[in-house]
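A.B. asks: File name entry_32.cif; file contents mmCIF, N, CA and C atoms; full text below.
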data_work
loop_
_atom_site.label_atom_id
_atom_site.label_comp_id
_atom_site.auth_asym_id
_atom_site.auth_seq_id
_atom_site.Cartn_x
_atom_site.Cartn_y
_atom_site.Cartn_z
N MET A 1309 86.27 127.60 87.72
CA MET A 1309 85.96 126.29 87.20
C MET A 1309 84.78 126.39 86.23
N ALA A 1310 84.85 125.64 85.15
CA ALA A 1310 83.81 125.69 84.12
C ALA A 1310 82.49 125.12 84.65
N GLU A 1311 81.43 125.67 84.12
CA GLU A 1311 80.09 125.19 84.50
C GLU A 1311 79.91 123.76 84.02
N LYS A 1312 79.33 122.94 84.88
CA LYS A 1312 79.05 121.55 84.52
C LYS A 1312 77.79 121.50 83.68
N ARG A 1313 77.84 120.77 82.60
CA ARG A 1313 76.69 120.66 81.70
C ARG A 1313 75.92 119.37 81.89
N LEU A 1314 76.55 118.40 82.54
CA LEU A 1314 75.92 117.10 82.72
C LEU A 1314 75.64 116.83 84.19
N THR A 1315 74.61 116.04 84.43
CA THR A 1315 74.38 115.50 85.77
C THR A 1315 74.50 113.99 85.65
N TRP A 1316 74.97 113.39 86.72
CA TRP A 1316 75.21 111.94 86.76
C TRP A 1316 74.39 111.32 87.86
N GLU A 1317 73.73 110.21 87.53
CA GLU A 1317 72.93 109.49 88.51
C GLU A 1317 73.37 108.04 88.52
N GLU A 1318 73.64 107.52 89.72
CA GLU A 1318 73.98 106.11 89.84
C GLU A 1318 72.76 105.27 89.49
N ASN A 1319 72.98 104.26 88.68
CA ASN A 1319 71.91 103.35 88.31
C ASN A 1319 71.44 102.61 89.56
N GLN A 1320 70.15 102.59 89.78
CA GLN A 1320 69.60 101.99 91.01
C GLN A 1320 69.90 100.51 91.12
N GLY A 1321 70.02 99.80 90.01
CA GLY A 1321 70.24 98.37 90.05
C GLY A 1321 71.69 97.95 89.96
N ASP A 1322 72.60 98.87 89.60
CA ASP A 1322 73.99 98.49 89.38
C ASP A 1322 74.91 99.66 89.74
N PRO A 1323 75.70 99.53 90.82
CA PRO A 1323 76.60 100.62 91.21
C PRO A 1323 77.77 100.83 90.26
N ASN A 1324 77.89 99.98 89.24
CA ASN A 1324 78.95 100.13 88.23
C ASN A 1324 78.46 100.88 87.00
N ILE A 1325 77.28 101.49 87.10
CA ILE A 1325 76.72 102.25 85.98
C ILE A 1325 76.26 103.61 86.49
N PHE A 1326 76.69 104.66 85.79
CA PHE A 1326 76.25 106.03 86.06
C PHE A 1326 75.65 106.60 84.79
N GLU A 1327 74.42 107.07 84.88
CA GLU A 1327 73.69 107.61 83.73
C GLU A 1327 73.91 109.11 83.63
N ALA A 1328 74.03 109.60 82.38
CA ALA A 1328 74.30 111.02 82.13
C ALA A 1328 73.06 111.69 81.56
N TYR A 1329 72.78 112.91 82.07
CA TYR A 1329 71.67 113.73 81.61
C TYR A 1329 72.18 115.14 81.36
N ASN A 1330 71.59 115.80 80.36
CA ASN A 1330 71.97 117.18 80.10
C ASN A 1330 71.10 118.13 80.92
N SER A 1331 71.28 119.42 80.71
CA SER A 1331 70.55 120.42 81.50
C SER A 1331 69.04 120.43 81.22
N LYS A 1332 68.62 119.80 80.12
CA LYS A 1332 67.19 119.67 79.82
C LYS A 1332 66.64 118.34 80.34
N ASP A 1333 67.45 117.63 81.13
CA ASP A 1333 67.11 116.34 81.71
C ASP A 1333 66.89 115.27 80.63
N GLU A 1334 67.60 115.42 79.51
CA GLU A 1334 67.55 114.42 78.44
C GLU A 1334 68.63 113.38 78.70
N TYR A 1335 68.28 112.13 78.57
CA TYR A 1335 69.22 111.02 78.79
C TYR A 1335 70.21 110.96 77.64
N LEU A 1336 71.50 110.94 77.95
CA LEU A 1336 72.54 110.97 76.92
C LEU A 1336 73.27 109.64 76.75
N GLY A 1337 73.37 108.87 77.82
CA GLY A 1337 74.13 107.63 77.79
C GLY A 1337 74.58 107.29 79.18
N TRP A 1338 75.58 106.40 79.28
CA TRP A 1338 76.03 105.97 80.61
C TRP A 1338 77.50 105.58 80.61
N LEU A 1339 78.08 105.68 81.79
CA LEU A 1339 79.42 105.16 82.07
C LEU A 1339 79.25 103.83 82.78
N GLN A 1340 80.04 102.85 82.35
CA GLN A 1340 79.96 101.52 82.97
C GLN A 1340 81.36 101.02 83.27
N TYR A 1341 81.56 100.57 84.50
CA TYR A 1341 82.86 100.04 84.93
C TYR A 1341 82.93 98.58 84.51
N GLU A 1342 83.89 98.25 83.63
CA GLU A 1342 83.96 96.89 83.10
C GLU A 1342 85.37 96.58 82.61
N ARG A 1343 85.58 95.30 82.38
CA ARG A 1343 86.88 94.84 81.90
C ARG A 1343 87.01 95.11 80.40
N VAL A 1344 88.13 95.72 80.05
CA VAL A 1344 88.51 95.92 78.65
C VAL A 1344 89.92 95.37 78.53
N GLY A 1345 90.05 94.22 77.91
CA GLY A 1345 91.35 93.56 77.88
C GLY A 1345 91.73 93.10 79.27
N ALA A 1346 92.92 93.49 79.72
CA ALA A 1346 93.41 93.05 81.02
C ALA A 1346 93.04 93.98 82.17
N PHE A 1347 92.41 95.11 81.86
CA PHE A 1347 92.17 96.12 82.89
C PHE A 1347 90.70 96.51 82.99
N MET A 1348 90.33 97.06 84.14
CA MET A 1348 88.99 97.60 84.35
C MET A 1348 89.00 99.08 83.98
N HIS A 1349 87.97 99.52 83.29
CA HIS A 1349 87.85 100.91 82.86
C HIS A 1349 86.41 101.39 83.02
N TRP A 1350 86.24 102.70 83.14
CA TRP A 1350 84.92 103.31 83.02
C TRP A 1350 84.74 103.62 81.54
N CYS A 1351 83.84 102.91 80.87
CA CYS A 1351 83.60 103.08 79.44
C CYS A 1351 82.32 103.86 79.20
N TRP A 1352 82.32 104.66 78.16
CA TRP A 1352 81.17 105.49 77.79
C TRP A 1352 80.33 104.76 76.74
N TYR A 1353 79.03 104.74 76.96
CA TYR A 1353 78.07 104.17 76.01
C TYR A 1353 77.02 105.22 75.67
N GLN A 1354 76.77 105.42 74.38
CA GLN A 1354 75.63 106.22 73.97
C GLN A 1354 74.49 105.31 73.55
N ASN A 1355 74.83 104.10 73.21
CA ASN A 1355 73.86 103.03 72.99
C ASN A 1355 74.55 101.72 73.31
N LYS A 1356 73.79 100.65 73.38
CA LYS A 1356 74.33 99.37 73.86
C LYS A 1356 75.35 98.75 72.92
N ASP A 1357 75.42 99.21 71.68
CA ASP A 1357 76.30 98.59 70.69
C ASP A 1357 77.65 99.27 70.52
N ILE A 1358 77.83 100.44 71.12
CA ILE A 1358 79.07 101.18 70.93
C ILE A 1358 79.69 101.53 72.28
N ARG A 1359 80.87 100.96 72.55
CA ARG A 1359 81.59 101.23 73.79
C ARG A 1359 82.83 102.04 73.45
N MET A 1360 83.07 103.09 74.27
CA MET A 1360 84.27 103.90 74.09
C MET A 1360 85.06 103.90 75.39
N SER A 1361 86.26 103.36 75.32
CA SER A 1361 87.15 103.34 76.48
C SER A 1361 87.71 104.75 76.71
N PRO A 1362 88.33 104.97 77.86
CA PRO A 1362 88.95 106.29 78.09
C PRO A 1362 89.96 106.67 77.00
N GLY A 1363 90.73 105.70 76.51
CA GLY A 1363 91.69 105.98 75.44
C GLY A 1363 91.01 106.42 74.15
N CYS A 1364 89.91 105.76 73.79
CA CYS A 1364 89.16 106.16 72.60
C CYS A 1364 88.58 107.56 72.75
N LEU A 1365 88.02 107.84 73.92
CA LEU A 1365 87.46 109.16 74.17
C LEU A 1365 88.53 110.25 74.08
N GLN A 1366 89.73 109.94 74.57
CA GLN A 1366 90.82 110.91 74.50
C GLN A 1366 91.21 111.18 73.05
N GLU A 1367 91.23 110.13 72.23
CA GLU A 1367 91.54 110.31 70.81
C GLU A 1367 90.49 111.18 70.13
N VAL A 1368 89.22 110.97 70.47
CA VAL A 1368 88.15 111.81 69.91
C VAL A 1368 88.37 113.26 70.33
N ARG A 1369 88.65 113.49 71.61
CA ARG A 1369 88.87 114.86 72.10
C ARG A 1369 90.08 115.50 71.44
N ASP A 1370 91.15 114.73 71.27
CA ASP A 1370 92.34 115.26 70.60
C ASP A 1370 92.02 115.67 69.17
N LYS A 1371 91.23 114.86 68.47
CA LYS A 1371 90.86 115.20 67.08
C LYS A 1371 89.97 116.45 67.05
N GLN A 1372 89.05 116.57 68.01
CA GLN A 1372 88.22 117.77 68.08
C GLN A 1372 89.10 119.01 68.24
N LYS A 1373 90.08 118.95 69.12
CA LYS A 1373 90.98 120.09 69.33
C LYS A 1373 91.77 120.40 68.07
N GLU A 1374 92.27 119.36 67.41
CA GLU A 1374 93.04 119.54 66.18
C GLU A 1374 92.19 120.21 65.10
N LEU A 1375 90.98 119.73 64.91
CA LEU A 1375 90.10 120.30 63.88
C LEU A 1375 89.70 121.73 64.21
N LEU A 1376 89.45 122.01 65.47
CA LEU A 1376 89.10 123.38 65.88
C LEU A 1376 90.27 124.33 65.62
N LYS A 1377 91.47 123.88 65.93
CA LYS A 1377 92.64 124.71 65.70
C LYS A 1377 92.79 125.04 64.21
N VAL A 1378 92.65 124.04 63.35
CA VAL A 1378 92.74 124.26 61.91
C VAL A 1378 91.64 125.20 61.44
N LYS A 1379 90.43 124.99 61.91
CA LYS A 1379 89.29 125.83 61.53
C LYS A 1379 89.53 127.27 61.95
N ASN A 1380 90.01 127.47 63.17
CA ASN A 1380 90.29 128.83 63.66
C ASN A 1380 91.42 129.49 62.88
N GLU A 1381 92.45 128.73 62.54
CA GLU A 1381 93.56 129.29 61.78
C GLU A 1381 93.11 129.71 60.38
N ASN A 1382 92.24 128.92 59.78
CA ASN A 1382 91.75 129.21 58.43
C ASN A 1382 90.73 130.34 58.38
N SER A 1383 90.03 130.55 59.48
CA SER A 1383 88.99 131.60 59.50
C SER A 1383 89.50 132.92 60.05
N GLY A 1384 90.69 132.91 60.63
CA GLY A 1384 91.24 134.12 61.20
C GLY A 1384 90.72 134.42 62.59
N ASN A 1385 90.00 133.50 63.20
CA ASN A 1385 89.48 133.70 64.57
C ASN A 1385 90.46 133.22 65.61
#
Can you dump the structure from the file as structure tokens?
C.D. replies:
Amino acid sequence: MAEKRLTWEENQGDPNIFEAYNSKDEYLGWLQYERVGAFMHWCWYQNKDIRMSPGCLQEVRDKQKELLKVKNENSGN
């Protein structure tokens, strides 16, 4: 299993929020359980103005994989 890079701490005031920290104990953002449309989701926030649903995060990850594949094919790695 891959090494975990993040630690998660439940927000003391709200059990629907988990804060993320890196290995240097730097605050990165939080997951918040909330309604998005008709369903409840754990959404990622890096700041209060930008919410990313699980679907959005998956699209970002898919694009990262696609770009890495193209980069590797073009570099011969």
A.B. asks: CA of Asn1324 in chain A and CA of Gly1337 in chain A, how far apart in Å?
C.D. replies: 13.7 Å
A.B. asks: Name every residue that the PyMOL selection byres ((chain A and resi 1339) around 6) selects in this structure, writing the answer as a list in words with chains first and numbers rising.
C.D. replies: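 So the PyMOL selection byres ((chain A and resi 1339) around 6) ends up selecting Asn1324, Ile1325, Phe1326, Glu1327, Ala1328, Gly1337, Trp1338, Gln1340, Tyr1341, Trp1350, Cys1351, Trp1352 and Tyr1353 of chain A.
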A.B. asks: Since we have the selection now, will you write its residues out, keeping N, CA and C atoms, as a tab-separated table (two decimals), keeping the file's coordinate frame?
C.D. replies:
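Result went into again-v5.tsv, see below:
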chain	number	residue	atom	x	y	z
A	1324	ASN	N	77.89	99.98	89.24
A	1324	ASN	CA	78.95	100.13	88.23
A	1324	ASN	C	78.46	100.88	87.00
A	1325	ILE	N	77.28	101.49	87.10
A	1325	ILE	CA	76.72	102.25	85.98
A	1325	ILE	C	76.26	103.61	86.49
A	1326	PHE	N	76.69	104.66	85.79
A	1326	PHE	CA	76.25	106.03	86.06
A	1326	PHE	C	75.65	106.60	84.79
A	1327	GLU	N	74.42	107.07	84.88
A	1327	GLU	CA	73.69	107.61	83.73
A	1327	GLU	C	73.91	109.11	83.63
A	1328	ALA	N	74.03	109.60	82.38
A	1328	ALA	CA	74.30	111.02	82.13
A	1328	ALA	C	73.06	111.69	81.56
A	1337	GLY	N	73.37	108.87	77.82
A	1337	GLY	CA	74.13	107.63	77.79
A	1337	GLY	C	74.58	107.29	79.18
A	1338	TRP	N	75.58	106.40	79.28
A	1338	TRP	CA	76.03	105.97	80.61
A	1338	TRP	C	77.50	105.58	80.61
A	1340	GLN	N	80.04	102.85	82.35
A	1340	GLN	CA	79.96	101.52	82.97
A	1340	GLN	C	81.36	101.02	83.27
A	1341	TYR	N	81.56	100.57	84.50
A	1341	TYR	CA	82.86	100.04	84.93
A	1341	TYR	C	82.93	98.58	84.51
A	1350	TRP	N	86.24	102.70	83.14
A	1350	TRP	CA	84.92	103.31	83.02
A	1350	TRP	C	84.74	103.62	81.54
A	1351	CYS	N	83.84	102.91	80.87
A	1351	CYS	CA	83.60	103.08	79.44
A	1351	CYS	C	82.32	103.86	79.20
A	1352	TRP	N	82.32	104.66	78.16
A	1352	TRP	CA	81.17	105.49	77.79
A	1352	TRP	C	80.33	104.76	76.74
A	1353	TYR	N	79.03	104.74	76.96
A	1353	TYR	CA	78.07	104.17	76.01
A	1353	TYR	C	77.02	105.22	75.67
A.B. asks: Nearest residue to Ser1361 in chain A out of A:Lys1373, A:Val1378, A:Leu1336, A:Arg1343, using only C-alpha atoms?
C.D. replies: A:Arg1343
A.B. asks: Looking only at helix (DSSP H, G or I) from DSSP on the backbone, list the matching residues of range 1314-1375 of chain A as number ranges by chain.
C.D. replies: A: 1362-1375
A.B. asks: At what distance in Å, to one decimal, does CA of Tyr1329 in chain A lie from CA of Met1309 in chain A?
C.D. replies: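 Separating CA of Met1309 in chain A from CA of Tyr1329 in chain A is a distance of 19.8 Å.
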A.B. asks: Considering only N, CA and C atoms, state which residue in the set A:Phe1347, A:Asp1370, A:Lys1312, A:Glu1318 is at the smallest distance from Ser1331 in chain A.
C.D. replies: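 Among A:Phe1347, A:Asp1370, A:Lys1312, A:Glu1318, it is A:Lys1312 that comes nearest to Ser1331 in chain A.
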A.B. asks: One decimal, Å: what's the distance from atom C of Leu1365 in chain A over to CA of His1349 in chain A, could you say?
C.D. replies: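 Between atom C of Leu1365 in chain A and CA of His1349 in chain A the gap is 12.8 Å.
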A.B. asks: Using DSSP on the backbone coordinates, identify all residues within chain A classified as strand (DSSP E); present the result as a PyMOL selection string.
C.D. replies: chain A and resi 1315-1318+1325-1329+1335-1344+1347-1355+1358-1360
A.B. asks: For range 1334-1341 of chain A, take all atoms listed in the file, fit an axis-aligned box around them, add 8 Å to each of the six sides, then output centre and edge lengths in Å rounded to one decimal, as JSON.
C.D. replies:
{"center_x": 75.2, "center_y": 107.0, "center_z": 80.8, "size_x": 31.4, "size_y": 32.8, "size_z": 24.2}
